[in-house]
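K.L.:
Here you go, data.csv (CSV, C-alpha atoms and all ligand atoms):
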```csv
chain,number,residue,atom,x,y,z
A,1,MET,CA,96.9,102.7,102.5
A,2,GLN,CA,95.3,99.9,104.3
A,3,ILE,CA,93.6,96.7,103.0
A,4,GLY,CA,91.3,94.7,105.2
A,5,ILE,CA,91.3,90.9,104.8
A,6,ILE,CA,87.8,89.7,105.3
A,7,GLY,CA,85.7,86.6,104.7
A,8,LEU,CA,83.9,83.7,106.2
A,9,PRO,CA,85.6,81.7,109.0
A,10,TYR,CA,88.3,79.2,108.0
A,11,SER,CA,88.6,80.5,104.4
A,12,GLY,CA,92.3,81.0,104.8
A,13,LYS,CA,92.6,84.7,105.8
A,14,THR,CA,95.2,84.3,108.4
A,15,THR,CA,97.2,81.8,106.2
A,16,LEU,CA,97.1,84.4,103.4
A,17,PHE,CA,98.2,87.1,105.9
A,18,GLN,CA,101.0,85.0,107.1
A,19,THR,CA,102.3,84.4,103.5
A,20,LEU,CA,101.8,88.0,102.6
A,21,THR,CA,103.8,89.3,105.5
A,22,GLN,CA,106.3,86.4,105.4
A,23,THR,CA,106.0,86.2,109.1
A,24,HIS,CA,107.4,83.1,110.6
A,25,ILE,CA,105.3,83.5,113.7
A,26,ASP,CA,103.5,80.4,114.7
A,27,HIS,CA,100.1,80.3,112.9
A,28,SER,CA,98.3,79.5,116.1
A,29,ALA,CA,99.6,82.7,117.6
A,30,LEU,CA,98.3,84.7,114.7
A,31,GLN,CA,95.0,82.9,114.9
A,32,LYS,CA,94.5,83.8,118.5
A,33,ARG,CA,94.6,87.6,117.9
A,34,GLU,CA,91.5,89.5,117.0
A,35,VAL,CA,93.4,91.6,114.4
A,36,ASN,CA,96.8,91.1,112.8
A,37,GLN,CA,98.4,94.0,111.1
A,38,SER,CA,101.5,94.3,108.9
A,39,ILE,CA,103.1,96.4,106.3
A,40,VAL,CA,104.0,94.5,103.2
A,41,LYS,CA,106.6,95.3,100.5
A,42,VAL,CA,105.1,95.7,97.0
A,43,PRO,CA,107.2,93.5,94.8
A,44,ASP,CA,108.5,95.3,91.7
A,45,GLN,CA,110.8,93.7,89.1
A,46,ARG,CA,111.6,97.2,87.8
A,47,LEU,CA,113.0,98.2,91.2
A,48,ASP,CA,115.0,94.9,91.3
A,49,LYS,CA,116.5,95.7,87.9
A,50,LEU,CA,117.4,99.3,88.9
A,51,THR,CA,119.0,98.0,92.1
A,52,GLU,CA,121.1,95.6,90.0
A,53,MET,CA,122.3,98.5,87.9
A,54,PHE,CA,123.1,101.0,90.6
A,55,ASN,CA,124.1,98.5,93.3
A,56,PRO,CA,123.0,100.9,96.1
A,57,LYS,CA,123.5,100.5,99.8
A,58,LYS,CA,119.7,100.3,100.2
A,59,LYS,CA,116.7,99.2,98.3
A,60,VAL,CA,113.3,100.4,99.4
A,61,ASN,CA,110.1,99.0,98.0
A,62,ALA,CA,106.7,100.7,98.0
A,63,THR,CA,104.5,99.3,100.8
A,64,ILE,CA,100.9,98.7,101.7
A,65,GLU,CA,99.4,97.6,105.0
A,66,PHE,CA,97.3,94.5,105.4
A,67,VAL,CA,94.9,93.9,108.3
A,68,ASP,CA,93.8,90.3,109.0
A,69,LEU,CA,90.3,90.3,110.6
A,70,VAL,CA,88.2,87.6,112.3
A,71,GLY,CA,85.9,85.6,110.1
A,72,VAL,CA,82.3,86.8,109.8
A,73,GLN,CA,79.4,84.6,110.2
A,74,LYS,CA,75.6,84.8,110.8
A,75,SER,CA,74.8,84.1,114.4
A,76,ASP,CA,71.3,82.9,113.5
A,77,LYS,CA,69.2,82.9,110.3
A,78,ALA,CA,67.8,86.4,110.8
A,79,GLY,CA,71.0,88.0,112.2
A,80,ALA,CA,73.4,90.2,110.3
A,81,MET,CA,76.9,89.0,109.6
A,82,PHE,CA,78.6,92.3,110.4
A,83,ASN,CA,78.1,93.7,113.9
A,84,SER,CA,78.8,97.3,114.6
A,85,GLN,CA,82.2,96.5,116.1
A,86,PHE,CA,83.2,94.8,112.9
A,87,ILE,CA,81.8,97.6,110.8
A,88,SER,CA,83.7,100.3,112.7
A,89,LYS,CA,86.9,98.3,112.3
A,90,VAL,CA,86.7,97.9,108.6
A,91,LYS,CA,85.4,101.4,107.8
A,92,THR,CA,88.9,102.8,107.8
A,93,ASN,CA,90.2,100.3,105.3
A,94,ASP,CA,90.8,101.7,101.9
A,95,ALA,CA,89.9,98.4,100.2
A,96,PHE,CA,88.9,94.9,101.0
A,97,LEU,CA,90.6,91.6,100.2
A,98,HIS,CA,87.9,89.0,100.4
A,99,VAL,CA,89.4,85.5,100.9
A,100,VAL,CA,87.0,82.9,99.6
A,101,ARG,CA,87.4,79.2,100.3
A,102,GLY,CA,87.9,77.1,97.2
A,103,PHE,CA,89.8,74.2,98.7
A,104,GLU,CA,88.4,70.9,99.8
A,105,ASP,CA,89.5,69.6,103.2
A,106,GLU,CA,87.3,67.5,105.4
A,107,THR,CA,89.3,68.4,108.5
A,108,VAL,CA,88.5,72.2,108.0
A,109,PRO,CA,84.9,73.0,108.6
A,110,HIS,CA,82.9,75.4,106.4
A,111,PRO,CA,80.0,77.4,107.9
A,112,SER,CA,77.8,76.5,105.0
A,113,ILE,CA,79.2,72.9,104.8
A,114,THR,CA,79.6,72.7,101.0
A,115,ILE,CA,82.3,74.5,99.0
A,116,ASP,CA,80.8,77.1,96.6
A,117,VAL,CA,82.9,80.1,95.8
A,118,ALA,CA,80.3,82.1,93.9
A,119,ARG,CA,77.8,81.6,96.8
A,120,ASP,CA,80.3,82.8,99.3
A,121,ILE,CA,81.2,85.9,97.3
A,122,ARG,CA,77.6,86.7,96.9
A,123,MET,CA,77.0,86.2,100.6
A,124,LEU,CA,79.5,88.9,101.6
A,125,GLU,CA,78.5,91.2,98.8
A,126,ASP,CA,74.9,91.0,100.0
A,127,GLU,CA,76.0,91.9,103.5
A,128,PHE,CA,77.9,94.9,102.2
A,129,PHE,CA,74.6,96.0,100.5
A,130,LEU,CA,72.6,95.4,103.7
A,131,THR,CA,75.0,97.4,105.8
A,132,ASP,CA,74.9,100.4,103.4
A,133,LEU,CA,71.1,100.3,103.1
A,134,ALA,CA,70.7,100.2,106.9
A,135,PHE,CA,73.1,103.1,107.2
A,136,LEU,CA,71.3,105.2,104.5
A,137,GLU,CA,67.9,104.5,106.2
A,138,SER,CA,69.2,105.8,109.5
A,139,ARG,CA,70.7,108.8,107.7
A,140,PHE,CA,67.4,109.6,106.0
A,141,GLU,CA,65.8,109.9,109.5
A,142,LYS,CA,68.5,112.2,110.8
A,143,LEU,CA,68.4,114.4,107.7
A,144,GLU,CA,64.6,114.6,107.6
A,145,LYS,CA,64.7,115.8,111.2
A,146,ASP,CA,67.3,118.4,110.3
A,147,MET,CA,65.1,119.6,107.4
A,148,MET,CA,62.3,120.3,109.9
A,149,LYS,CA,64.7,122.3,112.0
A,150,GLN,CA,65.4,124.5,109.0
A,151,LYS,CA,69.1,124.5,109.8
A,152,ASN,CA,71.6,124.6,106.8
A,153,LYS,CA,68.6,123.7,104.7
A,154,ASP,CA,70.4,123.7,101.4
A,155,ASP,CA,73.2,121.4,102.5
A,156,VAL,CA,70.8,119.1,104.2
A,157,LYS,CA,68.6,118.9,101.1
A,158,LYS,CA,71.5,118.3,98.9
A,159,GLU,CA,72.8,115.4,101.0
A,160,LEU,CA,69.3,113.9,101.4
A,161,ASP,CA,68.9,113.9,97.6
A,162,ALA,CA,72.3,112.2,97.2
A,163,MET,CA,71.5,109.6,99.9
A,164,LYS,CA,68.2,108.9,98.1
A,165,GLU,CA,70.0,108.4,94.9
A,166,TRP,CA,72.5,106.0,96.5
A,167,HIS,CA,69.6,104.1,98.0
A,168,SER,CA,67.9,103.5,94.7
A,169,TRP,CA,71.3,102.7,93.1
A,170,LEU,CA,71.8,100.0,95.7
A,171,GLU,CA,68.2,98.8,95.4
A,172,SER,CA,68.8,98.2,91.7
A,173,GLY,CA,71.6,95.8,92.7
A,174,LYS,CA,74.5,98.0,91.9
A,175,PRO,CA,77.3,98.7,94.4
A,176,LEU,CA,78.5,102.2,95.0
A,177,ARG,CA,82.0,101.4,93.7
A,178,GLU,CA,80.4,101.3,90.2
A,179,LYS,CA,78.8,104.7,90.5
A,180,GLU,CA,80.3,107.8,89.0
A,181,LEU,CA,80.5,110.3,91.9
A,182,SER,CA,80.1,114.0,92.0
A,183,ALA,CA,82.5,116.1,94.1
A,184,ASP,CA,79.9,116.2,96.9
A,185,GLU,CA,79.4,112.5,96.7
A,186,ILE,CA,83.1,111.9,97.0
A,187,LYS,CA,82.9,113.9,100.2
A,188,TYR,CA,80.1,111.8,101.5
A,189,VAL,CA,82.0,108.6,100.7
A,190,LYS,CA,84.9,110.0,102.7
A,191,ASN,CA,82.7,110.8,105.6
A,192,TYR,CA,80.6,107.7,105.7
A,193,GLN,CA,82.9,105.1,104.2
A,194,PRO,CA,80.1,102.9,102.7
A,195,MET,CA,81.1,99.2,102.3
A,196,THR,CA,80.0,98.9,98.7
A,197,ALA,CA,82.1,101.9,97.7
A,198,LYS,CA,85.4,100.1,98.6
A,199,PRO,CA,87.5,98.5,95.9
A,200,LEU,CA,87.3,94.8,96.2
A,201,LEU,CA,90.0,92.2,95.6
A,202,ILE,CA,88.7,88.6,95.7
A,203,ALA,CA,91.3,85.9,96.5
A,204,VAL,CA,90.0,82.5,95.7
A,205,ASN,CA,91.9,80.1,97.9
A,206,LEU,CA,92.2,76.9,95.8
A,207,ASP,CA,93.6,73.4,96.1
A,208,GLU,CA,97.0,72.7,94.8
A,209,SER,CA,95.4,70.4,92.3
A,210,ASP,CA,93.6,73.4,90.8
A,211,VAL,CA,96.7,75.2,89.7
A,212,LYS,CA,96.2,74.3,86.0
A,213,ASN,CA,92.5,75.0,86.1
A,214,ALA,CA,92.7,78.2,88.1
A,215,GLU,CA,92.4,80.6,85.2
A,216,ASN,CA,89.2,78.8,84.1
A,217,ILE,CA,87.7,79.0,87.6
A,218,VAL,CA,88.5,82.7,87.9
A,219,ASN,CA,87.2,83.5,84.4
A,220,ASN,CA,83.9,81.8,85.2
A,221,LEU,CA,83.6,83.9,88.4
A,222,LYS,CA,84.4,87.1,86.4
A,223,LYS,CA,81.3,86.5,84.4
A,224,GLU,CA,79.2,87.2,87.5
A,225,PHE,CA,81.5,89.5,89.4
A,226,SER,CA,83.0,92.2,87.4
A,227,GLY,CA,83.6,96.0,87.3
A,228,THR,CA,86.4,98.5,87.3
A,229,LYS,CA,87.0,98.2,91.1
A,230,ILE,CA,86.7,94.5,91.4
A,231,ARG,CA,89.5,92.0,90.7
A,232,ILE,CA,89.6,88.2,91.2
A,233,GLU,CA,92.8,86.3,91.7
A,234,PRO,CA,93.5,82.7,92.5
A,235,PHE,CA,95.5,81.9,95.6
A,236,PHE,CA,97.1,78.7,96.8
A,237,ALA,CA,97.6,79.0,100.6
A,238,LYS,CA,99.2,75.5,100.9
A,239,ILE,CA,101.7,76.2,98.1
A,240,GLU,CA,102.5,79.7,99.3
A,241,LEU,CA,103.2,78.4,102.8
A,242,GLU,CA,105.7,75.9,101.4
A,243,LEU,CA,107.2,78.5,99.1
A,244,SER,CA,107.7,80.9,102.0
A,245,SER,CA,110.2,78.5,103.6
A,246,LEU,CA,112.3,78.1,100.4
A,247,ASP,CA,115.2,80.1,99.1
A,248,ASP,CA,115.0,81.8,95.7
A,249,GLU,CA,116.5,78.9,93.7
A,250,GLU,CA,114.3,76.3,95.4
A,251,LYS,CA,111.4,78.5,94.8
A,252,GLN,CA,112.0,78.6,91.1
A,253,ILE,CA,112.2,74.8,90.9
A,254,PHE,CA,109.0,74.5,92.9
A,255,MET,CA,107.2,77.1,90.7
A,256,ASP,CA,108.4,75.4,87.5
A,257,GLU,CA,107.0,72.2,88.8
A,258,TYR,CA,103.6,73.8,89.1
A,259,GLY,CA,104.0,75.7,85.8
A,260,LEU,CA,103.8,79.0,87.6
A,261,THR,CA,105.5,81.9,85.9
A,262,GLU,CA,104.9,84.5,88.5
A,263,SER,CA,104.2,84.0,92.2
A,264,PRO,CA,100.4,84.3,92.7
A,265,LEU,CA,101.1,86.1,95.9
A,266,GLU,CA,103.2,88.8,94.3
A,267,LYS,CA,100.6,89.2,91.6
A,268,MET,CA,98.0,89.7,94.2
A,269,ILE,CA,99.9,92.3,96.1
A,270,ARG,CA,100.5,94.2,92.8
A,271,ASN,CA,96.8,93.9,92.0
A,272,ALA,CA,95.9,95.3,95.4
A,273,TYR,CA,98.2,98.2,94.8
A,274,GLU,CA,96.8,98.9,91.4
A,275,LEU,CA,93.2,98.5,92.6
A,276,LEU,CA,93.8,101.3,95.1
A,277,GLY,CA,94.7,103.5,92.1
A,278,LEU,CA,98.3,103.6,93.2
A,279,GLN,CA,101.4,103.7,91.1
A,280,SER,CA,105.2,104.2,91.7
A,281,PHE,CA,107.9,106.4,90.6
A,282,PHE,CA,111.6,105.7,91.3
A,283,THR,CA,114.5,107.6,92.7
A,284,VAL,CA,117.9,106.0,92.0
A,285,GLY,CA,121.5,106.5,93.2
A,286,GLU,CA,124.4,104.9,94.9
A,287,ASP,CA,122.9,105.3,98.3
A,288,GLU,CA,119.4,104.1,97.6
A,289,CYS,CA,117.1,102.9,94.9
A,290,ARG,CA,113.5,103.5,96.0
A,291,ALA,CA,109.9,103.1,94.8
A,292,TRP,CA,107.6,105.8,96.0
A,293,THR,CA,103.8,105.5,96.1
A,294,ILE,CA,101.6,108.1,94.5
A,295,ARG,CA,98.1,108.2,93.3
A,296,LYS,CA,97.4,108.3,89.5
A,297,GLY,CA,97.3,111.9,88.4
A,298,TYR,CA,99.9,113.3,90.8
A,299,THR,CA,102.0,116.1,89.4
A,300,ALA,CA,105.8,116.4,89.6
A,301,GLN,CA,105.4,118.8,92.5
A,302,ASP,CA,102.9,116.5,94.3
A,303,SER,CA,105.4,113.7,93.9
A,304,ALA,CA,108.2,115.8,95.1
A,305,GLY,CA,106.1,116.4,98.2
A,306,VAL,CA,105.9,112.6,98.9
A,307,ILE,CA,109.7,112.5,99.2
A,308,HIS,CA,109.9,115.6,101.4
A,309,THR,CA,107.6,118.7,102.1
A,310,ASP,CA,110.7,120.9,101.5
A,311,PHE,CA,110.9,119.4,98.0
A,312,TYR,CA,107.3,120.4,97.4
A,313,ASN,CA,107.7,124.0,98.7
A,314,LYS,CA,111.0,124.6,97.0
A,315,PHE,CA,110.3,122.7,93.8
A,316,ILE,CA,112.2,124.0,90.8
A,317,ARG,CA,112.1,121.3,88.2
A,318,ALA,CA,112.0,117.5,87.9
A,319,GLU,CA,114.5,115.5,85.8
A,320,VAL,CA,112.4,112.7,84.3
A,321,THR,CA,113.4,109.5,82.5
A,322,GLY,CA,110.9,106.8,81.7
A,323,TYR,CA,111.8,103.4,83.2
A,324,SER,CA,111.8,101.5,79.9
A,325,ASP,CA,113.8,104.2,78.1
A,326,PHE,CA,116.4,104.0,80.8
A,327,ILE,CA,116.6,100.2,80.6
A,328,THR,CA,116.8,100.3,76.8
A,329,GLU,CA,119.6,103.0,76.7
A,330,GLY,CA,121.4,101.7,79.8
A,331,SER,CA,122.4,105.1,81.3
A,332,PHE,CA,121.3,108.7,81.9
A,333,ALA,CA,124.0,109.9,79.6
A,334,LYS,CA,122.6,107.9,76.7
A,335,CYS,CA,119.1,109.0,77.5
A,336,LYS,CA,120.3,112.7,77.4
A,337,GLU,CA,121.8,112.2,74.0
A,338,LYS,CA,118.5,110.9,72.7
A,339,GLY,CA,116.4,113.5,74.4
A,340,LEU,CA,114.8,110.9,76.7
A,341,PHE,CA,116.1,112.7,79.8
A,342,ARG,CA,113.7,115.6,80.2
A,343,LEU,CA,113.2,118.6,82.5
A,344,GLU,CA,109.6,119.0,83.5
A,345,GLY,CA,107.8,121.7,85.4
A,346,LYS,CA,105.6,121.3,88.4
A,347,GLU,CA,102.4,120.6,86.4
A,348,TYR,CA,103.9,117.5,84.7
A,349,ILE,CA,101.7,114.4,85.4
A,350,VAL,CA,104.1,111.7,86.6
A,351,LYS,CA,103.7,108.3,84.9
A,352,ASP,CA,104.0,104.9,86.5
A,353,GLY,CA,107.7,104.0,86.4
A,354,ASP,CA,109.2,107.4,85.9
A,355,ILE,CA,112.6,107.9,87.3
A,356,LEU,CA,112.7,111.3,89.0
A,357,ASN,CA,115.3,113.6,90.3
A,358,ILE,CA,113.9,116.7,92.0
A,359,ARG,CA,115.7,119.9,91.6
A,360,HIS,CA,114.8,122.2,94.5
A,361,GLY,CA,115.9,125.4,96.1
B,401,LIG,N1,93.8,72.0,102.8
B,401,LIG,C1,94.0,73.3,102.9
B,401,LIG,N2,93.8,73.8,104.1
B,401,LIG,C2,93.9,75.2,104.2
B,401,LIG,C3,94.2,76.0,103.1
B,401,LIG,N3,94.2,77.3,103.5
B,401,LIG,C4,94.0,77.3,104.9
B,401,LIG,N4,93.8,76.0,105.3
B,401,LIG,C5,93.6,75.5,106.7
B,401,LIG,O1,92.3,76.0,107.1
B,401,LIG,C6,92.4,76.4,108.5
B,401,LIG,C7,91.9,77.8,108.6
B,401,LIG,O2,92.8,78.7,108.0
B,401,LIG,P1,93.0,80.2,108.5
B,401,LIG,O3,94.0,80.8,107.6
B,401,LIG,O4,93.3,80.2,109.9
B,401,LIG,O5,91.5,80.7,108.2
B,401,LIG,P2,90.9,82.1,108.6
B,401,LIG,O6,90.1,82.5,107.4
B,401,LIG,O7,91.9,83.0,109.1
B,401,LIG,O8,89.9,81.7,109.8
B,401,LIG,P3,89.2,82.6,110.9
B,401,LIG,O9,90.2,83.7,111.3
B,401,LIG,O10,88.9,81.7,112.0
B,401,LIG,O11,88.0,83.2,110.3
B,401,LIG,C8,93.8,76.2,108.9
B,401,LIG,O12,93.9,75.0,109.6
B,401,LIG,C9,94.6,76.2,107.6
B,401,LIG,O13,95.7,75.4,107.8
B,401,LIG,C10,94.3,75.3,101.8
B,401,LIG,O14,94.5,76.0,100.8
B,401,LIG,N5,94.2,74.0,101.8
B,402,MG,MG,92.1,84.1,110.9
```
Could you show the structure in this file as C-alpha cells?

P.N.:
Amino acid sequence: MQIGIIGLPYSGKTTLFQTLTQTHIDHSALQKREVNQSIVKVPDQRLDKLTEMFNPKKKVNATIEFVDLVGVQKSDKAGAMFNSQFISKVKTNDAFLHVVRGFEDETVPHPSITIDVARDIRMLEDEFFLTDLAFLESRFEKLEKDMMKQKNKDDVKKELDAMKEWHSWLESGKPLREKELSADEIKYVKNYQPMTAKPLLIAVNLDESDVKNAENIVNNLKKEFSGTKIRIEPFFAKIELELSSLDDEEKQIFMDEYGLTESPLEKMIRNAYELLGLQSFFTVGEDECRAWTIRKGYTAQDSAGVIHTDFYNKFIRAEVTGYSDFITEGSFAKCKEKGLFRLEGKEYIVKDGDILNIRHG
C-alpha cells in the first residue's frame, strides 16, 4: 500500500515526510532527492495495550509506505502542472496525500504568492480532472479505431461506453472516486489508474498559532471538499519537527501546552490507513504481538493467508476474540467462560480489532 505525497512547491511535503518517517536525515539531503520513499508504522493504541499485557519479545505494527514527490507547478499559463513523467510516477500510488500550505512565512515563497488553502486544493483537483479527461479522449480515439477493425467488438464497445460515461461524469464536475463502479469499471480503474479515482487525504499545513482554530479551518474546507474518499486533516509541520526530537514525557508536556490530545501526525497516518479501506487484526503471544493489515471484507481464511500461505491452504478454524471483549475480561480464559472466545469457519468476516489464532493442518 503506497501513498504519494503531492502538492505545490514549498507546501511542506518533505517536512511532513520527514516527520512521518521519523528520519533524522538532514532535511536538505531529503530535499535534494527527486523521490523519497519510506515505510511507516501505523500507530495503534490497541496494539500498545496488548503488548503491555503480553510483554512479548517483539511488537510489530501494521505499515504503509509513503512516497515524497517533487512539487508540481505550471511552467507557463497554458501549460499543464503534471507532465507525463510525474503522471507515470504517481499512477502506481494507491492514494494521494495532498499537502497544502496554510502557514504564513515570508521567507518561504509560494508559487501563487498569497496563502489560500481552498484555491490550492482546487488547483490540484482541477489538474486531476484535466489529466483524466485527456486520457479518456486519447482512449476514445484508440477504441474507435479498434471498432473499425471489428476486433473484439463487444469488449471494445463495452469499454467505449464506460469511458464515455466517465467522461460525462467528470464533465459534470464529479471525480471518479465518487462514482459507484461496476465490476468492469473496477477493472478499468485498475488498468488505467485515473487520478480522480484515488482516495485523497488533504493535509493542511498550518501555523503553530492556528492550533486552536484548526478544527474551524478544516470544517470550513469540508463544506467545499467532501465525499466518502476524501479526508481533510490539519498538520503542523513546525510542531511535529520539534516533537520528533523529544522523548515521550517531553512530548506529552509539549502537547498539553498546545491542548493537543492526540498527535496530529498519528491521526493522519491512521486516517490514511482507513481511507485505503484497510483494517487490522491482531495476533498475540509471548514471542510477538502483531497488527496485520487486511482489506475490509476479508474472511478468516483470507486473513490467515496474510500471515502465511500455508495457513490459507491448510486452514481449519480461527479462534476469534474481539479486542474490546478481551480488554474488558482481561484474559482468554475469562472470555471463554463468557462465550466471547469463538471458533469461526473460513467464511467468517474478520472485524477490525479481532484477535485471531489460526488453527491449521
Ligand atoms: N514557517 C513554516 N515553515 C515551514 C512549515 N512547513 C515547512 N516549512 C518550510 O518551508 C520550506 C519548504 O518545505 P518543504 O517541506 O521542503 O516543502 P516541499 O513541499 O517538500 O517543497 P518541494 O519539494 O520543493 O516542492 C522549508 O524551508 C521548510 O522548513 C511550517 O509549517 N511553517
Ligand atoms: Mg520536497

K.L.:
List the spatial neighbours of Leu30 (chain A) as a list in words - criterion: any atom at most 12 Å away, all atoms listed in the file, same-chain residues fewer than 2 positions off excluded.

P.N.:
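Using all atoms listed in the file, the neighbours found are Lys13, Thr14, Thr15, Leu16, Phe17, Gln18, Thr19, Thr21, Thr23, His24, Ile25, Asp26, His27, Ser28, Lys32, Arg33, Glu34, Val35, Asn36, Gln37, Ser38, Val67, Asp68, Leu69 and Val70 of chain A.
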
K.L.:
Choose the residue, out of A:Lys229, A:Arg290, A:Lys238, A:Arg342, that has the smallest atom-to-atom separation from ligand LIG 401 (chain B); count all atoms listed in the file.

P.N.:
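Smallest distance to ligand LIG 401 (chain B) is found for A:Lys238.
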
K.L.:
Of the residues A:Gly71, A:Gly227, A:Gly79, A:Pro56, which is the one nearest to ligand LIG 401 (chain B), using all atoms listed in the file?

P.N.:
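That would be A:Gly71, the residue with the smallest distance to ligand LIG 401 (chain B).
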
K.L.:
As a list in words, please: every protein or nucleic acid residue near ligand LIG 401 (chain B) (cut-off 6 Å, counting only C-alpha atoms and all ligand atoms).

P.N.:
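Here is the list of contacting residues: Leu8, Pro9, Tyr10, Ser11, Gly12, Lys13, Thr14, Thr15, Gln31, Val70, Gly71, Phe103, Asp105, Val108, Asn205, Leu206, Asp207, Phe236, Ala237 and Lys238 of chain A.
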
K.L.:
Which is closer to Glu125 (chain A) than all the others in A:Ile316, A:Val211, A:Leu47, A:Ile202, using only C-alpha atoms?

P.N.:
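Result for the nearest residue to Glu125 (chain A): A:Ile202.
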
K.L.:
Using all atoms listed in the file, which of A:Gln2, A:Thr131, A:Asn357, A:Ser209 sits nearest Ser84 (chain A)?

P.N.:
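Among A:Gln2, A:Thr131, A:Asn357, A:Ser209, it is A:Thr131 that comes nearest to Ser84 (chain A).
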
K.L.:
So, with all atoms listed in the file as the atoms that count, which of A:Glu337, A:Glu266, A:Glu344, A:Glu257 lies closest to Thr299 (chain A)?

P.N.:
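Of A:Glu337, A:Glu266, A:Glu344, A:Glu257, the one nearest Thr299 (chain A) is A:Glu344, counting all atoms listed in the file.
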
K.L.:
I'd like the interatomic distance between CA of Gly285 (chain A) and CA of Val42 (chain A), to a tenth of an Å.

P.N.:
20.0 Å

K.L.:
N, CA and C atoms are needed for region 213-228 of chain A; please write them out as a PDB file, in the coordinates of the input.

P.N.:
```pdb
ATOM      1  N   ASN A 213      93.881  74.664  86.441  1.00  0.00           N
ATOM      2  CA  ASN A 213      92.500  75.000  86.100  1.00  0.00           C
ATOM      3  C   ASN A 213      92.118  76.401  86.683  1.00  0.00           C
ATOM      4  N   ALA A 214      93.069  77.023  87.380  1.00  0.00           N
ATOM      5  CA  ALA A 214      92.700  78.200  88.100  1.00  0.00           C
ATOM      6  C   ALA A 214      92.188  79.353  87.230  1.00  0.00           C
ATOM      7  N   GLU A 215      92.801  79.485  86.043  1.00  0.00           N
ATOM      8  CA  GLU A 215      92.400  80.600  85.200  1.00  0.00           C
ATOM      9  C   GLU A 215      90.914  80.380  84.750  1.00  0.00           C
ATOM     10  N   ASN A 216      90.571  79.121  84.457  1.00  0.00           N
ATOM     11  CA  ASN A 216      89.200  78.800  84.100  1.00  0.00           C
ATOM     12  C   ASN A 216      88.223  79.156  85.226  1.00  0.00           C
ATOM     13  N   ILE A 217      88.593  78.739  86.420  1.00  0.00           N
ATOM     14  CA  ILE A 217      87.700  79.000  87.600  1.00  0.00           C
ATOM     15  C   ILE A 217      87.506  80.474  87.760  1.00  0.00           C
ATOM     16  N   VAL A 218      88.600  81.224  87.687  1.00  0.00           N
ATOM     17  CA  VAL A 218      88.500  82.700  87.900  1.00  0.00           C
ATOM     18  C   VAL A 218      87.724  83.337  86.762  1.00  0.00           C
ATOM     19  N   ASN A 219      87.968  82.902  85.526  1.00  0.00           N
ATOM     20  CA  ASN A 219      87.200  83.500  84.400  1.00  0.00           C
ATOM     21  C   ASN A 219      85.738  83.270  84.509  1.00  0.00           C
ATOM     22  N   ASN A 220      85.353  82.104  85.009  1.00  0.00           N
ATOM     23  CA  ASN A 220      83.900  81.800  85.200  1.00  0.00           C
ATOM     24  C   ASN A 220      83.331  82.769  86.241  1.00  0.00           C
ATOM     25  N   LEU A 221      84.093  83.009  87.302  1.00  0.00           N
ATOM     26  CA  LEU A 221      83.600  83.900  88.400  1.00  0.00           C
ATOM     27  C   LEU A 221      83.486  85.337  87.840  1.00  0.00           C
ATOM     28  N   LYS A 222      84.416  85.699  86.952  1.00  0.00           N
ATOM     29  CA  LYS A 222      84.400  87.100  86.400  1.00  0.00           C
ATOM     30  C   LYS A 222      83.150  87.376  85.637  1.00  0.00           C
ATOM     31  N   LYS A 223      82.506  86.311  85.102  1.00  0.00           N
ATOM     32  CA  LYS A 223      81.300  86.500  84.400  1.00  0.00           C
ATOM     33  C   LYS A 223      80.206  87.120  85.295  1.00  0.00           C
ATOM     34  N   GLU A 224      80.219  86.675  86.538  1.00  0.00           N
ATOM     35  CA  GLU A 224      79.200  87.200  87.500  1.00  0.00           C
ATOM     36  C   GLU A 224      79.694  88.405  88.252  1.00  0.00           C
ATOM     37  N   PHE A 225      80.973  88.409  88.596  1.00  0.00           N
ATOM     38  CA  PHE A 225      81.500  89.500  89.400  1.00  0.00           C
ATOM     39  C   PHE A 225      82.535  90.292  88.632  1.00  0.00           C
ATOM     40  N   SER A 226      82.096  91.435  88.138  1.00  0.00           N
ATOM     41  CA  SER A 226      83.000  92.200  87.400  1.00  0.00           C
ATOM     42  C   SER A 226      82.804  93.700  87.604  1.00  0.00           C
ATOM     43  N   GLY A 227      83.722  94.515  87.166  1.00  0.00           N
ATOM     44  CA  GLY A 227      83.600  96.000  87.300  1.00  0.00           C
ATOM     45  C   GLY A 227      84.991  96.536  87.408  1.00  0.00           C
ATOM     46  N   THR A 228      85.052  97.877  87.378  1.00  0.00           N
ATOM     47  CA  THR A 228      86.400  98.500  87.300  1.00  0.00           C
ATOM     48  C   THR A 228      87.081  98.392  88.684  1.00  0.00           C
TER      49      THR A 228
END
```
